[in-house]
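Peer 1: Next comes input26.pdb, PDB, C-alpha atoms:
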```
ATOM      1  CA  MET A 671      26.615 -44.887  16.761  1.00  0.00           C
ATOM      2  CA  ALA A 672      26.289 -42.424  13.900  1.00  0.00           C
ATOM      3  CA  VAL A 673      24.092 -39.390  14.355  1.00  0.00           C
ATOM      4  CA  SER A 674      21.979 -38.614  11.334  1.00  0.00           C
ATOM      5  CA  ASP A 675      21.101 -35.122  10.144  1.00  0.00           C
ATOM      6  CA  PRO A 676      17.460 -34.512  11.141  1.00  0.00           C
ATOM      7  CA  SER A 677      16.938 -32.184   8.182  1.00  0.00           C
ATOM      8  CA  ALA A 678      18.251 -34.662   5.604  1.00  0.00           C
ATOM      9  CA  GLY A 679      15.679 -35.257   2.895  1.00  0.00           C
ATOM     10  CA  ARG A 680      13.254 -32.674   4.278  1.00  0.00           C
ATOM     11  CA  THR A 681      11.949 -30.033   1.912  1.00  0.00           C
ATOM     12  CA  ASP A 682      11.579 -27.489   4.702  1.00  0.00           C
ATOM     13  CA  ALA A 683      15.313 -27.418   5.375  1.00  0.00           C
ATOM     14  CA  PRO A 684      16.802 -23.928   4.909  1.00  0.00           C
ATOM     15  CA  GLU A 685      18.643 -25.011   1.741  1.00  0.00           C
ATOM     16  CA  ALA A 686      15.328 -25.709   0.012  1.00  0.00           C
ATOM     17  CA  PHE A 687      14.034 -22.176   0.444  1.00  0.00           C
ATOM     18  CA  GLU A 688      14.483 -19.559  -2.217  1.00  0.00           C
ATOM     19  CA  ARG A 689      17.736 -17.727  -1.669  1.00  0.00           C
ATOM     20  CA  ARG A 690      17.275 -14.105  -0.754  1.00  0.00           C
ATOM     21  CA  PRO A 691      19.122 -11.552  -2.844  1.00  0.00           C
ATOM     22  CA  ALA A 692      21.941  -9.858  -0.990  1.00  0.00           C
ATOM     23  CA  ARG A 693      20.822  -6.624   0.667  1.00  0.00           C
ATOM     24  CA  ARG A 694      22.068  -3.618  -1.180  1.00  0.00           C
ATOM     25  CA  MET A 695      23.320  -0.681   0.772  1.00  0.00           C
ATOM     26  CA  ALA A 696      21.501   2.580   0.142  1.00  0.00           C
ATOM     27  CA  ALA A 697      23.432   4.908  -2.120  1.00  0.00           C
ATOM     28  CA  THR A 698      25.058   7.857  -0.425  1.00  0.00           C
ATOM     29  CA  LEU A 699      23.426  10.959  -1.832  1.00  0.00           C
ATOM     30  CA  ASP A 700      24.664  14.480  -1.235  1.00  0.00           C
ATOM     31  CA  ASP A 701      22.578  17.650  -1.566  1.00  0.00           C
ATOM     32  CA  ILE A 702      23.272  17.942  -5.299  1.00  0.00           C
ATOM     33  CA  ASP A 703      22.262  14.320  -5.935  1.00  0.00           C
ATOM     34  CA  ARG A 704      19.032  14.900  -3.991  1.00  0.00           C
ATOM     35  CA  ALA A 705      18.349  18.063  -5.974  1.00  0.00           C
ATOM     36  CA  ILE A 706      18.895  16.153  -9.240  1.00  0.00           C
ATOM     37  CA  VAL A 707      16.507  13.387  -8.164  1.00  0.00           C
ATOM     38  CA  GLY A 708      13.899  15.923  -7.052  1.00  0.00           C
ATOM     39  CA  ALA A 709      14.174  17.854 -10.336  1.00  0.00           C
ATOM     40  CA  LEU A 710      13.823  14.653 -12.384  1.00  0.00           C
ATOM     41  CA  LEU A 711      10.808  13.530 -10.375  1.00  0.00           C
ATOM     42  CA  ARG A 712       9.109  16.814 -11.251  1.00  0.00           C
ATOM     43  CA  ASP A 713      10.162  16.701 -14.916  1.00  0.00           C
ATOM     44  CA  GLY A 714      11.878  13.573 -16.224  1.00  0.00           C
ATOM     45  CA  ARG A 715      12.060  15.077 -19.728  1.00  0.00           C
ATOM     46  CA  MET A 716      14.334  17.971 -18.818  1.00  0.00           C
ATOM     47  CA  SER A 717      17.581  18.235 -20.724  1.00  0.00           C
ATOM     48  CA  ILE A 718      20.950  17.883 -19.055  1.00  0.00           C
ATOM     49  CA  ARG A 719      21.476  21.608 -19.675  1.00  0.00           C
ATOM     50  CA  ALA A 720      18.224  22.476 -17.874  1.00  0.00           C
ATOM     51  CA  LEU A 721      19.032  20.021 -15.088  1.00  0.00           C
ATOM     52  CA  ALA A 722      22.487  21.563 -14.613  1.00  0.00           C
ATOM     53  CA  GLU A 723      20.978  25.056 -14.467  1.00  0.00           C
ATOM     54  CA  ARG A 724      18.275  23.946 -12.031  1.00  0.00           C
ATOM     55  CA  VAL A 725      20.761  22.421  -9.559  1.00  0.00           C
ATOM     56  CA  ARG A 726      23.508  24.983 -10.280  1.00  0.00           C
ATOM     57  CA  VAL A 727      26.290  22.676 -11.489  1.00  0.00           C
ATOM     58  CA  SER A 728      28.122  22.353 -14.803  1.00  0.00           C
ATOM     59  CA  ARG A 729      26.596  20.240 -17.578  1.00  0.00           C
ATOM     60  CA  ALA A 730      29.504  17.786 -17.305  1.00  0.00           C
ATOM     61  CA  ASN A 731      28.912  17.441 -13.557  1.00  0.00           C
ATOM     62  CA  ALA A 732      25.151  16.981 -14.050  1.00  0.00           C
ATOM     63  CA  TYR A 733      25.754  14.379 -16.764  1.00  0.00           C
ATOM     64  CA  SER A 734      28.298  12.397 -14.709  1.00  0.00           C
ATOM     65  CA  ARG A 735      26.106  12.501 -11.602  1.00  0.00           C
ATOM     66  CA  LEU A 736      23.028  11.357 -13.527  1.00  0.00           C
ATOM     67  CA  ASP A 737      25.074   8.579 -15.131  1.00  0.00           C
ATOM     68  CA  ARG A 738      26.226   7.439 -11.665  1.00  0.00           C
ATOM     69  CA  LEU A 739      22.670   7.612 -10.273  1.00  0.00           C
ATOM     70  CA  LEU A 740      21.505   5.414 -13.166  1.00  0.00           C
ATOM     71  CA  ARG A 741      24.395   2.928 -12.759  1.00  0.00           C
ATOM     72  CA  GLU A 742      23.801   2.642  -8.997  1.00  0.00           C
ATOM     73  CA  GLY A 743      20.078   2.076  -9.504  1.00  0.00           C
ATOM     74  CA  VAL A 744      18.995   5.217  -7.669  1.00  0.00           C
ATOM     75  CA  VAL A 745      17.287   6.357 -10.876  1.00  0.00           C
ATOM     76  CA  LYS A 746      15.740   3.297 -12.494  1.00  0.00           C
ATOM     77  CA  GLY A 747      14.408   4.958 -15.627  1.00  0.00           C
ATOM     78  CA  PHE A 748      12.095   7.586 -16.989  1.00  0.00           C
ATOM     79  CA  SER A 749       8.422   7.333 -17.772  1.00  0.00           C
ATOM     80  CA  ALA A 750       5.317   9.312 -18.616  1.00  0.00           C
ATOM     81  CA  ARG A 751       2.440   9.733 -16.169  1.00  0.00           C
ATOM     82  CA  LEU A 752      -0.820   9.062 -17.963  1.00  0.00           C
ATOM     83  CA  ASP A 753      -4.416   9.826 -17.120  1.00  0.00           C
ATOM     84  CA  PRO A 754      -5.901   6.313 -16.786  1.00  0.00           C
ATOM     85  CA  ALA A 755      -9.368   7.413 -17.943  1.00  0.00           C
ATOM     86  CA  GLN A 756      -7.914   9.023 -21.079  1.00  0.00           C
ATOM     87  CA  VAL A 757      -6.270   5.726 -22.092  1.00  0.00           C
ATOM     88  CA  GLY A 758      -9.434   3.699 -21.539  1.00  0.00           C
ATOM     89  CA  LEU A 759      -8.902   2.602 -17.933  1.00  0.00           C
ATOM     90  CA  ALA A 760     -11.699   4.537 -16.250  1.00  0.00           C
ATOM     91  CA  THR A 761     -12.148   2.211 -13.256  1.00  0.00           C
ATOM     92  CA  SER A 762      -9.414   1.997 -10.626  1.00  0.00           C
ATOM     93  CA  ALA A 763      -9.377   0.092  -7.357  1.00  0.00           C
ATOM     94  CA  TYR A 764      -7.128  -1.219  -4.652  1.00  0.00           C
ATOM     95  CA  LEU A 765      -7.568  -4.923  -4.078  1.00  0.00           C
ATOM     96  CA  THR A 766      -6.461  -6.603  -0.896  1.00  0.00           C
ATOM     97  CA  LEU A 767      -5.833 -10.329  -0.890  1.00  0.00           C
ATOM     98  CA  LYS A 768      -5.504 -12.854   1.870  1.00  0.00           C
ATOM     99  CA  ILE A 769      -3.416 -15.795   0.747  1.00  0.00           C
ATOM    100  CA  GLU A 770      -2.347 -19.134   2.145  1.00  0.00           C
ATOM    101  CA  GLN A 771       0.792 -18.759   4.209  1.00  0.00           C
ATOM    102  CA  ASN A 772       3.266 -20.525   1.921  1.00  0.00           C
ATOM    103  CA  SER A 773       1.757 -19.546  -1.439  1.00  0.00           C
ATOM    104  CA  TRP A 774       3.285 -16.074  -1.806  1.00  0.00           C
ATOM    105  CA  ARG A 775       5.827 -17.072  -4.471  1.00  0.00           C
ATOM    106  CA  GLU A 776       3.198 -18.558  -6.794  1.00  0.00           C
ATOM    107  CA  VAL A 777       0.726 -15.744  -6.092  1.00  0.00           C
ATOM    108  CA  ARG A 778       3.450 -13.170  -6.818  1.00  0.00           C
ATOM    109  CA  GLU A 779       4.253 -14.798 -10.166  1.00  0.00           C
ATOM    110  CA  GLN A 780       0.587 -15.004 -11.178  1.00  0.00           C
ATOM    111  CA  LEU A 781      -0.052 -11.362 -10.228  1.00  0.00           C
ATOM    112  CA  ARG A 782       2.885 -10.281 -12.400  1.00  0.00           C
ATOM    113  CA  ARG A 783       1.116 -11.851 -15.395  1.00  0.00           C
ATOM    114  CA  LEU A 784      -2.122  -9.846 -15.010  1.00  0.00           C
ATOM    115  CA  PRO A 785      -1.908  -6.656 -17.097  1.00  0.00           C
ATOM    116  CA  ALA A 786      -4.676  -4.922 -15.120  1.00  0.00           C
ATOM    117  CA  ILE A 787      -2.469  -4.927 -12.028  1.00  0.00           C
ATOM    118  CA  HIS A 788      -0.294  -1.829 -12.169  1.00  0.00           C
ATOM    119  CA  HIS A 789       1.414  -2.301  -8.823  1.00  0.00           C
ATOM    120  CA  PHE A 790       1.259  -4.760  -5.964  1.00  0.00           C
ATOM    121  CA  ALA A 791       3.036  -5.286  -2.692  1.00  0.00           C
ATOM    122  CA  LEU A 792       3.321  -8.183  -0.277  1.00  0.00           C
ATOM    123  CA  THR A 793       2.389  -6.788   3.124  1.00  0.00           C
ATOM    124  CA  GLY A 794       2.057  -7.662   6.759  1.00  0.00           C
ATOM    125  CA  GLY A 795      -1.074  -6.985   8.743  1.00  0.00           C
ATOM    126  CA  ASP A 796      -4.751  -7.607   8.090  1.00  0.00           C
ATOM    127  CA  PHE A 797      -4.116  -8.717   4.503  1.00  0.00           C
ATOM    128  CA  ASP A 798      -1.186 -10.213   2.633  1.00  0.00           C
ATOM    129  CA  VAL A 799      -1.204  -8.369  -0.699  1.00  0.00           C
ATOM    130  CA  ILE A 800      -2.423  -4.978  -1.855  1.00  0.00           C
ATOM    131  CA  ALA A 801      -2.712  -4.269  -5.569  1.00  0.00           C
ATOM    132  CA  LEU A 802      -3.575  -1.196  -7.618  1.00  0.00           C
ATOM    133  CA  VAL A 803      -5.691  -2.220 -10.593  1.00  0.00           C
ATOM    134  CA  ARG A 804      -6.896  -0.205 -13.574  1.00  0.00           C
ATOM    135  CA  VAL A 805      -9.557  -1.581 -15.915  1.00  0.00           C
ATOM    136  CA  PRO A 806     -11.987  -0.162 -18.496  1.00  0.00           C
ATOM    137  CA  ASP A 807     -15.168  -0.627 -16.440  1.00  0.00           C
ATOM    138  CA  GLN A 808     -16.887  -2.451 -13.602  1.00  0.00           C
ATOM    139  CA  ALA A 809     -17.500  -5.543 -15.743  1.00  0.00           C
ATOM    140  CA  ALA A 810     -13.749  -5.878 -16.308  1.00  0.00           C
ATOM    141  CA  LEU A 811     -13.121  -5.367 -12.584  1.00  0.00           C
ATOM    142  CA  ARG A 812     -15.651  -8.083 -11.728  1.00  0.00           C
ATOM    143  CA  GLU A 813     -13.991 -10.469 -14.211  1.00  0.00           C
ATOM    144  CA  LEU A 814     -10.544  -9.705 -12.804  1.00  0.00           C
ATOM    145  CA  VAL A 815     -11.632 -10.371  -9.218  1.00  0.00           C
ATOM    146  CA  LEU A 816     -13.993 -13.312  -9.677  1.00  0.00           C
ATOM    147  CA  TYR A 817     -12.268 -15.164 -12.507  1.00  0.00           C
ATOM    148  CA  ASP A 818      -8.602 -14.160 -12.579  1.00  0.00           C
ATOM    149  CA  LEU A 819      -7.689 -13.580  -8.932  1.00  0.00           C
ATOM    150  CA  HIS A 820      -9.845 -16.281  -7.373  1.00  0.00           C
ATOM    151  CA  ALA A 821      -8.415 -18.788  -9.875  1.00  0.00           C
ATOM    152  CA  ILE A 822      -4.911 -18.294  -8.478  1.00  0.00           C
ATOM    153  CA  PRO A 823      -4.019 -21.188  -6.173  1.00  0.00           C
ATOM    154  CA  GLY A 824      -3.442 -19.861  -2.681  1.00  0.00           C
ATOM    155  CA  VAL A 825      -5.761 -16.834  -2.871  1.00  0.00           C
ATOM    156  CA  ARG A 826      -8.215 -17.229   0.019  1.00  0.00           C
ATOM    157  CA  SER A 827     -10.179 -13.975  -0.199  1.00  0.00           C
ATOM    158  CA  THR A 828     -10.185 -10.526  -1.746  1.00  0.00           C
ATOM    159  CA  ARG A 829     -11.581  -7.133  -0.867  1.00  0.00           C
ATOM    160  CA  THR A 830     -12.165  -4.380  -3.420  1.00  0.00           C
ATOM    161  CA  LEU A 831     -11.720  -0.700  -2.574  1.00  0.00           C
ATOM    162  CA  LEU A 832     -12.927   1.517  -5.436  1.00  0.00           C
ATOM    163  CA  ILE A 833     -10.965   4.682  -6.106  1.00  0.00           C
ATOM    164  CA  PHE A 834     -13.218   7.703  -6.583  1.00  0.00           C
ATOM    165  CA  ASP A 835     -10.440  10.291  -6.983  1.00  0.00           C
ATOM    166  CA  GLU A 836      -6.674  10.276  -6.621  1.00  0.00           C
ATOM    167  CA  SER A 837      -3.729  12.649  -6.450  1.00  0.00           C
ATOM    168  CA  PRO A 838      -1.869  13.381  -9.678  1.00  0.00           C
ATOM    169  CA  GLY A 839       0.974  10.900  -9.993  1.00  0.00           C
ATOM    170  CA  GLU A 840       3.699   9.290  -7.993  1.00  0.00           C
ATOM    171  CA  LEU A 841       5.221  11.649  -5.424  1.00  0.00           C
ATOM    172  CA  ALA A 842       4.161  14.638  -7.554  1.00  0.00           C
ATOM    173  CA  GLY A 843       3.957  17.967  -5.808  1.00  0.00           C
ATOM    174  CA  GLU A 844       4.788  16.633  -2.342  1.00  0.00           C
ATOM    175  CA  TRP A 845       7.997  18.574  -1.736  1.00  0.00           C
ATOM    176  CA  THR A 846       9.411  22.003  -2.272  1.00  0.00           C
ATOM    177  CA  PRO A 847      11.639  22.798  -5.278  1.00  0.00           C
ATOM    178  CA  GLY A 848      15.258  21.821  -4.848  1.00  0.00           C
ATOM    179  CA  GLU A 849      14.522  19.152  -2.263  1.00  0.00           C
ATOM    180  CA  MET A 850      14.134  15.443  -2.752  1.00  0.00           C
ATOM    181  CA  PRO A 851      10.806  14.077  -1.504  1.00  0.00           C
ATOM    182  CA  PRO A 852      10.746  12.027   1.668  1.00  0.00           C
ATOM    183  CA  MET A 853      11.539   8.401   0.873  1.00  0.00           C
TER     184      MET A 853
END
```
Could you express the structure from this file as structure tokens?
Peer 2:
Amino acid sequence: MAVSDPSAGRTDAPEAFERRPARRMAATLDDIDRAIVGALLRDGRMSIRALAERVRVSRANAYSRLDRLLREGVVKGFSARLDPAQVGLATSAYLTLKIEQNSWREVREQLRRLPAIHHFALTGGDFDVIALVRVPDQAALRELVLYDLHAIPGVRSTRTLLIFDESPGELAGEWTPGEMPPM
């Protein structure tokens, strides 16, 4: 008597699930690497010469270390921090979403397509997703929540937390000079 595979033909078999990317090991950073990262977080526009002076290494050493940090994905790029109100996005909020248990892939893809969402994270706890949104005004926020988010299959409910004031930028000013911020 042949024994059949109980998972044959089932879509919930492990093979049918999205393959997880391999876990990457954290880069090994020494004190100079951490000082370089900290200096760039404070001022991503600084020249290699200024960076080398700040961390007290040669320009060649600073350049090769920065190149390695970029290659290894420690430093993912450089950007400007903008004042949202000055660029026409005067209303900011955190939105929390509760979603259907197996809808996170589709919800994730739909959230990536909404330009008002500046950042989102899948979370565990009282809600499933938290998103930072920036829009011109309350009417745009209402449209985003009621028409865009609630139209996404799998979104069960949302909660809006208006931002009245916020600190100036990502990780800015949260560590002393020469030290990398806590990660």
Peer 1: Produce a table with one row for each residue of stretch 693-772 of chain A that has an atom at most 7 Å from any atom of stretch 795-817 of chain A, each row naming the nearest atom pair and its distance in Å at one decimal; use only C-alpha atoms; arrange rows by chain and rising residue number; format as JSON lines.
Peer 2:
```
{"residue": "A:Gly758", "atom": "CA", "partner": "A:Pro806", "partner_atom": "CA", "distance": 5.5}
{"residue": "A:Leu759", "atom": "CA", "partner": "A:Pro806", "partner_atom": "CA", "distance": 4.2}
{"residue": "A:Ala760", "atom": "CA", "partner": "A:Pro806", "partner_atom": "CA", "distance": 5.2}
{"residue": "A:Thr761", "atom": "CA", "partner": "A:Asp807", "partner_atom": "CA", "distance": 5.2}
{"residue": "A:Ser762", "atom": "CA", "partner": "A:Arg804", "partner_atom": "CA", "distance": 4.5}
{"residue": "A:Ala763", "atom": "CA", "partner": "A:Val803", "partner_atom": "CA", "distance": 5.4}
{"residue": "A:Tyr764", "atom": "CA", "partner": "A:Leu802", "partner_atom": "CA", "distance": 4.6}
{"residue": "A:Leu765", "atom": "CA", "partner": "A:Ala801", "partner_atom": "CA", "distance": 5.1}
{"residue": "A:Thr766", "atom": "CA", "partner": "A:Ile800", "partner_atom": "CA", "distance": 4.5}
{"residue": "A:Leu767", "atom": "CA", "partner": "A:Val799", "partner_atom": "CA", "distance": 5.0}
{"residue": "A:Lys768", "atom": "CA", "partner": "A:Phe797", "partner_atom": "CA", "distance": 5.1}
{"residue": "A:Ile769", "atom": "CA", "partner": "A:Asp798", "partner_atom": "CA", "distance": 6.3}
```
Peer 1: Report the distance between atom CA of A:Phe748 and atom CA of A:Gly708 in Å, rounded to one decimal place.
Peer 2: 13.1 Å
Peer 1: Name the residues that the PyMOL selection byres ((chain A and resi 780) around 12) picks from the file above, as a VMD selection string, using the file's chain letters and numbers.
Peer 2: chain A and resid 773 to 779 781 to 785 787 790 818 to 825
Peer 1: Excluding stretch 717-724 of chain A and residues on its chain fewer than 4 positions from it, collect all residues at most 12 Å away from it, counting all atoms listed in the file, and give them as a PyMOL selection string.
Peer 2: chain A and resi 702-703+705-713+728-737+847-849
Peer 1: So that I have them on file, write out the residues from the current selection with C-alpha atoms, as an mmCIF file, in the coordinates of the input.
Peer 2:
```
data_model
loop_
_atom_site.group_PDB
_atom_site.id
_atom_site.type_symbol
_atom_site.label_atom_id
_atom_site.label_comp_id
_atom_site.auth_asym_id
_atom_site.auth_seq_id
_atom_site.Cartn_x
_atom_site.Cartn_y
_atom_site.Cartn_z
ATOM 1 C CA ILE A 702 23.272 17.942 -5.299
ATOM 2 C CA ASP A 703 22.262 14.320 -5.935
ATOM 3 C CA ALA A 705 18.349 18.063 -5.974
ATOM 4 C CA ILE A 706 18.895 16.153 -9.240
ATOM 5 C CA VAL A 707 16.507 13.387 -8.164
ATOM 6 C CA GLY A 708 13.899 15.923 -7.052
ATOM 7 C CA ALA A 709 14.174 17.854 -10.336
ATOM 8 C CA LEU A 710 13.823 14.653 -12.384
ATOM 9 C CA LEU A 711 10.808 13.530 -10.375
ATOM 10 C CA ARG A 712 9.109 16.814 -11.251
ATOM 11 C CA ASP A 713 10.162 16.701 -14.916
ATOM 12 C CA SER A 728 28.122 22.353 -14.803
ATOM 13 C CA ARG A 729 26.596 20.240 -17.578
ATOM 14 C CA ALA A 730 29.504 17.786 -17.305
ATOM 15 C CA ASN A 731 28.912 17.441 -13.557
ATOM 16 C CA ALA A 732 25.151 16.981 -14.050
ATOM 17 C CA TYR A 733 25.754 14.379 -16.764
ATOM 18 C CA SER A 734 28.298 12.397 -14.709
ATOM 19 C CA ARG A 735 26.106 12.501 -11.602
ATOM 20 C CA LEU A 736 23.028 11.357 -13.527
ATOM 21 C CA ASP A 737 25.074 8.579 -15.131
ATOM 22 C CA PRO A 847 11.639 22.798 -5.278
ATOM 23 C CA GLY A 848 15.258 21.821 -4.848
ATOM 24 C CA GLU A 849 14.522 19.152 -2.263
#
```
Peer 1: Just to confirm, what's the straight-line distance from atom CA of A:Arg751 to atom CA of A:Arg726 in Å (one decimal)?
Peer 2: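 Atom CA of A:Arg726 lies 26.7 Å from atom CA of A:Arg751.
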Peer 1: Box in all listed atoms of stretch 834-838 of chain A, axis-aligned, with 8 Å more on each side; write out centre and edge lengths in Å to one decimal as lines of an AutoDock Vina configuration file.
Peer 2:
```
center_x = -7.5
center_y = 10.5
center_z = -8.1
size_x = 27.3
size_y = 21.7
size_z = 19.2
```
Peer 1: What is the atom CA of A:Gly747-atom CA of A:Gly714 distance in Å, reported with one decimal?
Peer 2: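 So the answer is 9.0 Å.
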Peer 1: Which residue gives the smallest distance to A:Val744 among A:Met716, A:Met695, A:Leu792, A:Val727, with only C-alpha atoms counted?
Peer 2: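 Smallest distance to A:Val744 is found for A:Met695.
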